[in-house]
>>> print(open('input-v6.cif').read())   # mmCIF, C-alpha atoms
data_query
#
loop_
_atom_site.label_atom_id
_atom_site.label_comp_id
_atom_site.auth_asym_id
_atom_site.auth_seq_id
_atom_site.Cartn_x
_atom_site.Cartn_y
_atom_site.Cartn_z
CA MET E 1 149.03 101.30 56.17
CA SER E 2 147.75 100.43 59.66
CA ASP E 3 149.11 97.52 61.70
CA ILE E 4 145.92 95.54 61.07
CA GLU E 5 146.08 96.13 57.32
CA SER E 6 149.77 95.23 57.31
CA LYS E 7 149.02 91.94 59.09
CA ALA E 8 146.17 91.26 56.67
CA SER E 9 148.53 91.84 53.75
CA GLU E 10 151.00 89.34 55.19
CA LEU E 11 148.20 86.86 55.85
CA ILE E 12 146.92 86.74 52.28
CA GLN E 13 150.40 85.95 50.99
CA ASP E 14 150.39 82.65 52.91
CA ARG E 15 148.99 80.30 50.29
CA LYS E 16 148.35 77.41 52.68
CA VAL E 17 146.37 79.62 55.05
CA MET E 18 144.37 81.07 52.18
CA GLU E 19 143.57 77.62 50.81
CA ARG E 20 142.36 76.49 54.24
CA LEU E 21 140.23 79.60 54.71
CA LEU E 22 138.77 79.32 51.20
CA THR E 23 137.77 75.71 51.90
CA ALA E 24 136.21 76.78 55.20
CA GLU E 25 134.27 79.63 53.57
CA LYS E 26 132.93 77.36 50.84
CA LYS E 27 131.85 74.85 53.46
CA ARG E 28 130.02 77.58 55.37
CA ARG E 29 128.21 78.51 52.16
CA GLY E 30 127.49 74.92 51.17
CA ALA E 31 129.38 75.52 47.91
CA GLY E 32 131.44 72.33 47.98
CA THR E 33 134.38 72.64 45.63
CA GLY E 34 132.56 74.72 43.03
CA LEU E 35 133.82 78.04 41.72
CA THR E 36 132.73 80.79 44.12
CA PHE E 37 135.04 83.84 43.98
CA VAL E 38 135.40 85.46 40.56
CA GLY E 39 136.56 88.78 39.11
CA VAL E 40 134.54 91.19 36.98
CA HIS E 41 137.29 91.32 34.35
CA ASN E 42 137.32 87.54 33.93
CA VAL E 43 133.52 87.30 33.76
CA ALA E 44 133.42 89.99 31.05
CA GLN E 45 135.76 87.81 28.98
CA HIS E 46 132.60 85.84 28.12
CA TRP E 47 132.45 88.17 25.12
CA TRP E 48 135.92 87.01 24.07
CA CYS E 49 135.62 83.30 24.97
CA THR E 50 133.38 81.98 27.74
CA GLN E 51 135.43 78.82 28.17
CA GLN E 52 138.58 80.85 28.73
CA ALA E 53 136.67 83.11 31.14
CA VAL E 54 135.67 80.11 33.26
CA LEU E 55 139.05 78.37 33.13
CA LYS E 56 140.88 81.57 34.05
CA SER E 57 138.42 82.22 36.88
CA ARG E 58 139.07 78.77 38.32
CA ALA E 59 142.82 79.33 38.08
CA ASN E 60 142.51 82.76 39.75
CA GLU E 61 139.94 81.92 42.44
CA LEU E 62 142.37 81.83 45.36
CA MET E 63 143.66 85.28 44.38
CA PHE E 64 140.16 86.76 44.26
CA PHE E 65 139.30 85.18 47.60
CA ALA E 66 142.43 86.72 49.11
CA VAL E 67 141.48 90.13 47.70
CA TYR E 68 137.95 89.71 49.06
CA LEU E 69 139.27 88.91 52.53
CA GLN E 70 141.88 91.68 52.53
CA ASP E 71 139.30 94.30 51.55
CA ARG E 72 136.83 93.20 54.23
CA ILE E 73 139.50 93.35 56.94
CA GLY E 74 140.97 96.64 55.75
CA TYR E 75 137.63 98.39 55.26
CA ALA E 76 136.27 97.08 58.57
CA HIS E 77 139.27 98.63 60.32
CA ARG E 78 138.96 101.95 58.47
CA LEU E 79 135.26 102.06 59.36
CA GLY E 80 135.99 101.45 63.04
CA LEU E 81 134.35 98.03 63.12
CA ILE E 82 137.45 96.18 64.40
CA ASP E 83 140.56 97.19 66.31
CA LYS E 84 142.40 93.86 66.21
CA LEU E 85 142.46 90.60 64.29
CA PRO E 86 140.89 87.51 65.90
CA ARG E 87 143.18 84.71 67.00
CA ARG E 88 141.16 81.94 65.36
CA GLY E 89 141.70 81.87 61.62
CA GLU E 90 138.11 81.05 60.70
CA ALA E 91 136.89 84.06 62.71
CA LEU E 92 138.50 86.21 60.00
CA LEU E 93 135.69 85.10 57.71
CA ASP E 94 133.13 86.96 59.82
CA ILE E 95 134.90 90.30 59.57
CA GLY E 96 133.17 92.89 57.42
CA ARG E 97 129.83 91.17 56.98
CA GLU E 98 128.04 94.34 58.07
CA ILE E 99 129.79 96.58 55.53
CA THR E 100 127.33 98.13 53.06
CA LEU E 101 127.80 99.63 49.62
CA ALA E 102 127.15 103.03 51.20
CA ASP E 103 130.15 102.43 53.49
CA VAL E 104 132.30 101.50 50.51
CA GLU E 105 131.18 104.63 48.64
CA MET E 106 132.18 106.73 51.63
CA LEU E 107 135.66 105.23 51.52
CA ARG E 108 135.85 105.93 47.79
CA ARG E 109 135.12 109.60 48.41
CA GLN E 110 138.09 109.69 50.76
CA THR E 111 140.46 108.66 47.95
CA PRO E 112 143.23 111.26 47.66
CA LYS E 113 143.09 113.33 44.50
CA LYS E 114 145.77 112.70 41.89
CA PRO E 115 148.45 115.42 42.11
CA ALA E 116 148.03 117.68 39.10
CA ASP E 117 151.76 118.23 38.67
CA VAL E 118 152.94 114.62 38.93
CA GLU E 119 152.88 112.18 36.01
CA VAL E 120 152.93 108.71 37.52
CA TYR E 121 153.39 105.65 35.33
CA TYR E 122 155.42 102.51 34.94
CA SER E 123 158.74 103.28 33.27
CA ALA E 124 159.87 99.75 32.42
CA PHE E 125 159.05 96.22 33.43
CA ASP E 126 161.30 93.16 33.53
CA THR E 127 159.83 89.69 33.10
CA VAL E 128 160.48 86.49 31.15
CA ASP E 129 159.13 85.48 27.75
CA LYS E 130 157.37 82.21 26.89
CA GLY E 131 160.76 80.56 26.46
CA GLY E 132 161.81 81.54 29.97
CA LYS E 133 164.34 84.13 28.79
CA PRO E 134 164.55 87.59 30.39
CA VAL E 135 162.89 90.43 28.54
CA ARG E 136 162.39 94.11 29.32
CA TYR E 137 159.44 96.18 28.15
CA ILE E 138 159.91 99.94 28.10
CA HIS E 139 157.03 102.39 28.24
CA PRO E 140 156.64 103.91 24.73
CA ASP E 141 155.96 107.35 26.23
CA GLN E 142 159.33 107.55 27.96
CA PRO E 143 161.64 110.42 26.91
CA LYS E 144 164.35 109.24 24.48
CA GLU E 145 167.10 109.77 27.05
CA MET E 146 165.40 107.51 29.59
CA LYS E 147 164.68 104.88 26.93
CA ARG E 148 168.37 104.80 26.02
CA ASP E 149 169.33 104.38 29.69
CA PHE E 150 166.94 101.44 30.07
CA GLU E 151 168.21 99.92 26.82
CA ARG E 152 171.88 100.23 27.80
CA GLU E 153 171.23 98.67 31.20
CA ALA E 154 169.32 95.78 29.57
CA ALA E 155 172.11 95.22 27.02
CA ALA E 156 174.69 95.07 29.81
CA ARG E 157 172.64 92.30 31.45
CA ASN E 158 171.97 90.52 28.12
CA VAL E 159 168.22 91.19 28.47
CA ARG E 160 166.16 91.43 25.30
CA ILE E 161 164.06 94.56 24.73
CA GLY E 162 160.51 93.47 23.93
CA ASP E 163 157.92 95.19 21.77
CA VAL E 164 154.85 96.03 23.87
CA GLU E 165 152.66 94.96 20.94
CA GLU E 166 153.79 91.36 21.50
CA HIS E 167 152.45 91.54 25.07
CA PRO E 168 148.95 93.10 25.12
CA LEU E 169 148.72 92.99 28.92
CA MET E 170 151.98 94.91 29.24
CA ARG E 171 150.84 97.46 26.67
CA GLY E 172 147.58 97.87 28.55
CA MET E 173 149.38 98.37 31.86
CA PHE E 174 151.69 101.01 30.38
CA PHE E 175 149.02 102.93 28.49
CA HIS E 176 146.50 102.79 31.29
CA SER E 177 149.02 104.25 33.74
CA SER E 178 149.79 107.27 31.57
CA ARG E 179 146.95 107.77 29.07
CA ALA E 180 143.70 106.80 30.75
CA GLU E 181 141.57 109.41 32.46
CA TRP E 182 141.99 109.57 36.21
CA HIS E 183 138.96 109.14 38.45
CA PRO E 184 138.77 107.92 42.05
CA THR E 185 137.76 104.30 42.41
CA VAL E 186 137.31 101.55 44.97
CA ARG E 187 137.37 97.76 45.00
CA TRP E 188 134.57 95.70 46.49
CA ASN E 189 132.73 92.40 46.21
CA PHE E 190 129.12 91.58 45.40
CA PRO E 191 126.97 88.46 45.75
CA TRP E 192 125.37 87.08 42.59
CA ARG E 193 123.67 83.69 42.85
CA THR E 194 126.32 81.31 44.23
CA TYR E 195 129.22 83.63 43.32
CA THR E 196 131.01 86.49 44.99
CA VAL E 197 132.09 88.88 42.24
CA VAL E 198 135.12 91.07 42.99
CA GLY E 199 135.80 94.20 40.99
CA GLU E 200 137.47 97.60 40.82
CA PRO E 201 136.50 99.94 37.97
CA ASP E 202 139.19 102.00 36.29
CA GLY E 203 137.20 104.97 37.54
CA LEU E 204 134.06 105.53 39.57
CA THR E 205 132.38 108.92 39.86
CA GLU E 206 129.00 109.81 41.30
CA GLU E 207 127.54 109.63 37.77
CA PHE E 208 129.38 106.94 35.81
CA VAL E 209 131.79 104.02 35.74
CA TYR E 210 134.91 104.42 33.63
CA GLU E 211 136.76 101.69 31.73
CA TYR E 212 139.89 102.03 29.58
CA LYS E 213 141.32 99.51 27.12
CA SER E 214 143.99 99.58 24.43
CA THR E 215 144.40 97.49 21.32
CA ARG E 216 146.69 97.27 18.33
CA ASN E 217 144.36 98.02 15.43
CA ARG E 218 140.77 98.59 14.33
CA TYR E 219 140.22 94.91 13.50
CA LEU E 220 141.11 93.77 17.03
CA MET E 221 139.10 96.65 18.46
CA ASN E 222 135.98 94.89 17.18
CA PHE E 223 136.75 92.04 19.59
CA VAL E 224 137.99 94.18 22.48
CA LYS E 225 135.02 96.55 22.48
CA PRO E 226 132.33 93.99 23.50
CA VAL E 227 134.48 92.93 26.47
CA ALA E 228 135.12 96.54 27.53
CA ILE E 229 131.43 97.45 27.25
CA ALA E 230 130.41 94.32 29.18
CA GLN E 231 132.95 95.04 31.90
CA ALA E 232 131.63 98.59 32.31
CA ASP E 233 128.04 97.26 32.38
CA LEU E 234 128.99 94.83 35.15
CA TYR E 235 130.60 97.60 37.19
CA GLY E 236 127.57 99.81 36.66
CA TYR E 237 125.27 96.93 37.59
CA PHE E 238 127.05 96.17 40.87
CA PHE E 239 128.02 99.72 41.88
CA GLN E 240 124.56 100.98 40.92
CA ARG E 241 125.55 103.60 38.36
CA GLN E 242 123.30 104.67 35.49
CA LYS E 243 126.01 105.59 32.96
CA LYS E 244 129.26 104.19 31.63
CA ARG E 245 132.20 105.84 29.89
CA VAL E 246 134.45 103.48 27.92
CA GLN E 247 137.62 104.47 26.09
CA ILE E 248 139.56 102.22 23.72
CA GLU E 249 142.93 103.37 22.40
CA ILE E 250 143.82 102.06 18.95
CA GLY E 251 147.60 101.95 18.67
CA GLU E 252 148.07 102.01 14.90
CA GLU E 253 145.78 105.02 14.58
CA SER E 254 147.04 106.92 17.64
CA ASN E 255 143.37 107.46 18.29
CA THR E 256 141.06 106.84 21.26
CA ASP E 257 137.41 105.98 20.72
CA THR E 258 135.07 107.06 23.50
CA TYR E 259 131.64 105.55 24.21
CA GLU E 260 129.28 107.21 26.68
CA GLN E 261 126.13 105.16 27.15
CA PRO E 262 123.58 104.14 29.78
CA VAL E 263 124.56 101.07 31.79
CA ASP E 264 122.80 98.03 30.28
CA ARG E 265 121.71 96.00 33.31
CA ALA E 266 120.08 93.34 31.12
CA ARG E 267 123.37 92.84 29.27
CA ALA E 268 125.21 92.55 32.58
CA GLU E 269 122.83 89.82 33.70
CA GLU E 270 123.19 88.11 30.31
CA THR E 271 126.97 88.07 30.77
CA LEU E 272 126.75 86.65 34.27
CA THR E 273 124.19 84.03 33.25
CA ALA E 274 126.24 82.86 30.25
CA PHE E 275 129.37 82.61 32.39
CA ALA E 276 127.52 80.61 35.06
CA GLY E 277 126.10 78.27 32.42
CA VAL E 278 129.50 77.28 31.07
CA ASP E 279 130.82 76.94 34.63
CA ARG E 280 128.00 74.42 35.22
CA GLY E 281 129.01 72.43 32.15
CA GLU E 282 127.05 73.95 29.28
CA ARG E 283 128.94 73.90 25.99
CA PRO E 284 130.28 77.35 25.09
CA HIS E 285 130.21 78.99 21.69
CA LEU E 286 133.43 78.17 19.84
CA PRO E 287 135.83 81.11 19.62
CA LYS E 288 137.85 82.13 16.60
CA PRO E 289 140.75 79.65 16.17
CA TRP E 290 143.31 82.48 16.33
CA LYS E 291 142.11 83.26 19.85
CA CYS E 292 142.83 79.68 20.88
CA ARG E 293 146.36 79.77 19.52
CA SER E 294 147.34 82.52 21.98
CA CYS E 295 145.33 81.20 24.93
CA ASP E 296 147.11 79.99 28.08
CA PHE E 297 144.63 77.09 28.30
CA ARG E 298 144.94 75.88 24.70
CA VAL E 299 146.51 72.56 25.74
CA THR E 300 143.93 71.56 28.35
CA CYS E 301 140.80 73.28 27.00
CA SER E 302 138.13 70.83 25.82
CA VAL E 303 136.98 73.12 22.98
CA SER E 304 140.39 74.44 21.90
CA GLN E 305 140.81 75.07 18.18
CA ALA E 306 144.49 75.94 18.45
CA SER E 307 145.42 73.35 15.85
CA LYS E 308 143.12 74.82 13.17
#
>>> encode(input="input-v6.cif", output="structure tokens")
Amino acid sequence: MSDIESKASELIQDRKVMERLLTAEKKRRGAGTGLTFVGVHNVAQHWWCTQQAVLKSRANELMFFAVYLQDRIGYAHRLGLIDKLPRRGEALLDIGREITLADVEMLRRQTPKKPADVEVYYSAFDTVDKGGKPVRYIHPDQPKEMKRDFEREAAARNVRIGDVEEHPLMRGMFFHSSRAEWHPTVRWNFPWRTYTVVGEPDGLTEEFVYEYKSTRNRYLMNFVKPVAIAQADLYGYFFQRQKKRVQIEIGEESNTDTYEQPVDRARAEETLTAFAGVDRGERPHLPKPWKCRSCDFRVTCSVSQASK
């Protein structure tokens, strides 16, 4: 990591600075306080629950703005467009405006190839459960000896061993790191109406975008698949690919379904338009009540059905 990229990384971790710069950028755009920076993954959640997609996007906006700024600074340096950071904070907002998608694609092609003889994945992850108590999740693909070592260490610290099926995001992180296909990729941002949409496909080749998901069973797969397909369509739409390759691993079956299809640009625009409508105040379609019961926004959401 270069000195400039290191400084940019430190900068985006300063929440107060990021909040000030986000306010300044919105003012420059005439966006007021409205939602401006969103992530492809969150927008695709329209096919799960549009209200949740919007609420999560609002909660995550500062993070996506920080990612947007970090990428523009880092890529501008790698492309030889800057050799130092400006002293005035707001001047940071001008960095990288001349970067094109062709420039970003060139950087993607420079991505180092994954070593063929090295299996890289998360071994275990310590966090806290909803009750605030420590819990450790261990990668299911770990050798038995390593699992036992992780379990003994957790027991000595009085840390509960969690089942990855109780934490879908953790399961997805584990399985993606060891079971998904590897393709080079790159993260970038794209303007759409009043939004800047930030995204990084799981894989990006010259021919297709790649997206990987995992789910517990075939029933849940029916709800995960529309989101995965929409996410791949959005990546294809923005990165200008004609094809998508989506894989969904179904845990109970130890099986992975693969879908290779043309990118549906109309569906991508439908997803974006529906998301924008709910962000503007249109009433969303009501989700299944069981989705509400596990939603982080169930207490404050105006259409929550968590009590049903």
>>> closest_residue(input="input-v6.cif", among="E:Ala156, E:Met106, E:Val198, E:Met173", to="E:Ala124", atoms="all atoms listed in the file")
E:Met173
>>> closest_residue(input="input-v6.cif", among="E:Leu234, E:Asn189, E:Ala180, E:Ile73", to="E:Tyr212", atoms="all atoms listed in the file")
E:Ala180
>>> residues_near_point(input="input-v6.cif", point="(130.6, 108.8, 33.1)", cutoff="8 Å", atoms="only C-alpha atoms", output="VMD selection string")
chain E and resid 205 207 to 210 243 to 245 260
>>> residues_around(input="input-v6.cif", residues="E:Ile250", least_positions_apart="5", cutoff="12 Å", atoms="all atoms listed in the file", output="MDAnalysis selection string")
chainID E and resid 165 171:172 175 212:222 224:225 255:258
>>> resolve_selection(input="input-v6.cif", expression="the PyMOL selection byres ((chain E and resi 24) around 12)", output="list in words")
Val17, Met18, Glu19, Arg20, Leu21, Leu22, Thr23, Glu25, Lys26, Lys27, Arg28, Arg29, Gly30, Ala31, Gly32, Thr33, Phe65, Gly89, Glu90, Ala91, Leu92, Leu93 and Asp94 of chain E
>>> residues_around(input="input-v6.cif", residues="E:Val164", least_positions_apart="6", cutoff="9 Å", atoms="only C-alpha atoms", output="short mmCIF file (atom, residue, chain, number, x, y, z; two decimals) with C-alpha atoms, in the coordinates of the input")
data_model
loop_
_atom_site.label_atom_id
_atom_site.label_comp_id
_atom_site.auth_asym_id
_atom_site.auth_seq_id
_atom_site.Cartn_x
_atom_site.Cartn_y
_atom_site.Cartn_z
CA TYR E 137 159.44 96.18 28.15
CA ILE E 138 159.91 99.94 28.10
CA HIS E 139 157.03 102.39 28.24
CA PRO E 140 156.64 103.91 24.73
CA MET E 170 151.98 94.91 29.24
CA ARG E 171 150.84 97.46 26.67
CA GLY E 172 147.58 97.87 28.55
CA PHE E 174 151.69 101.01 30.38
#
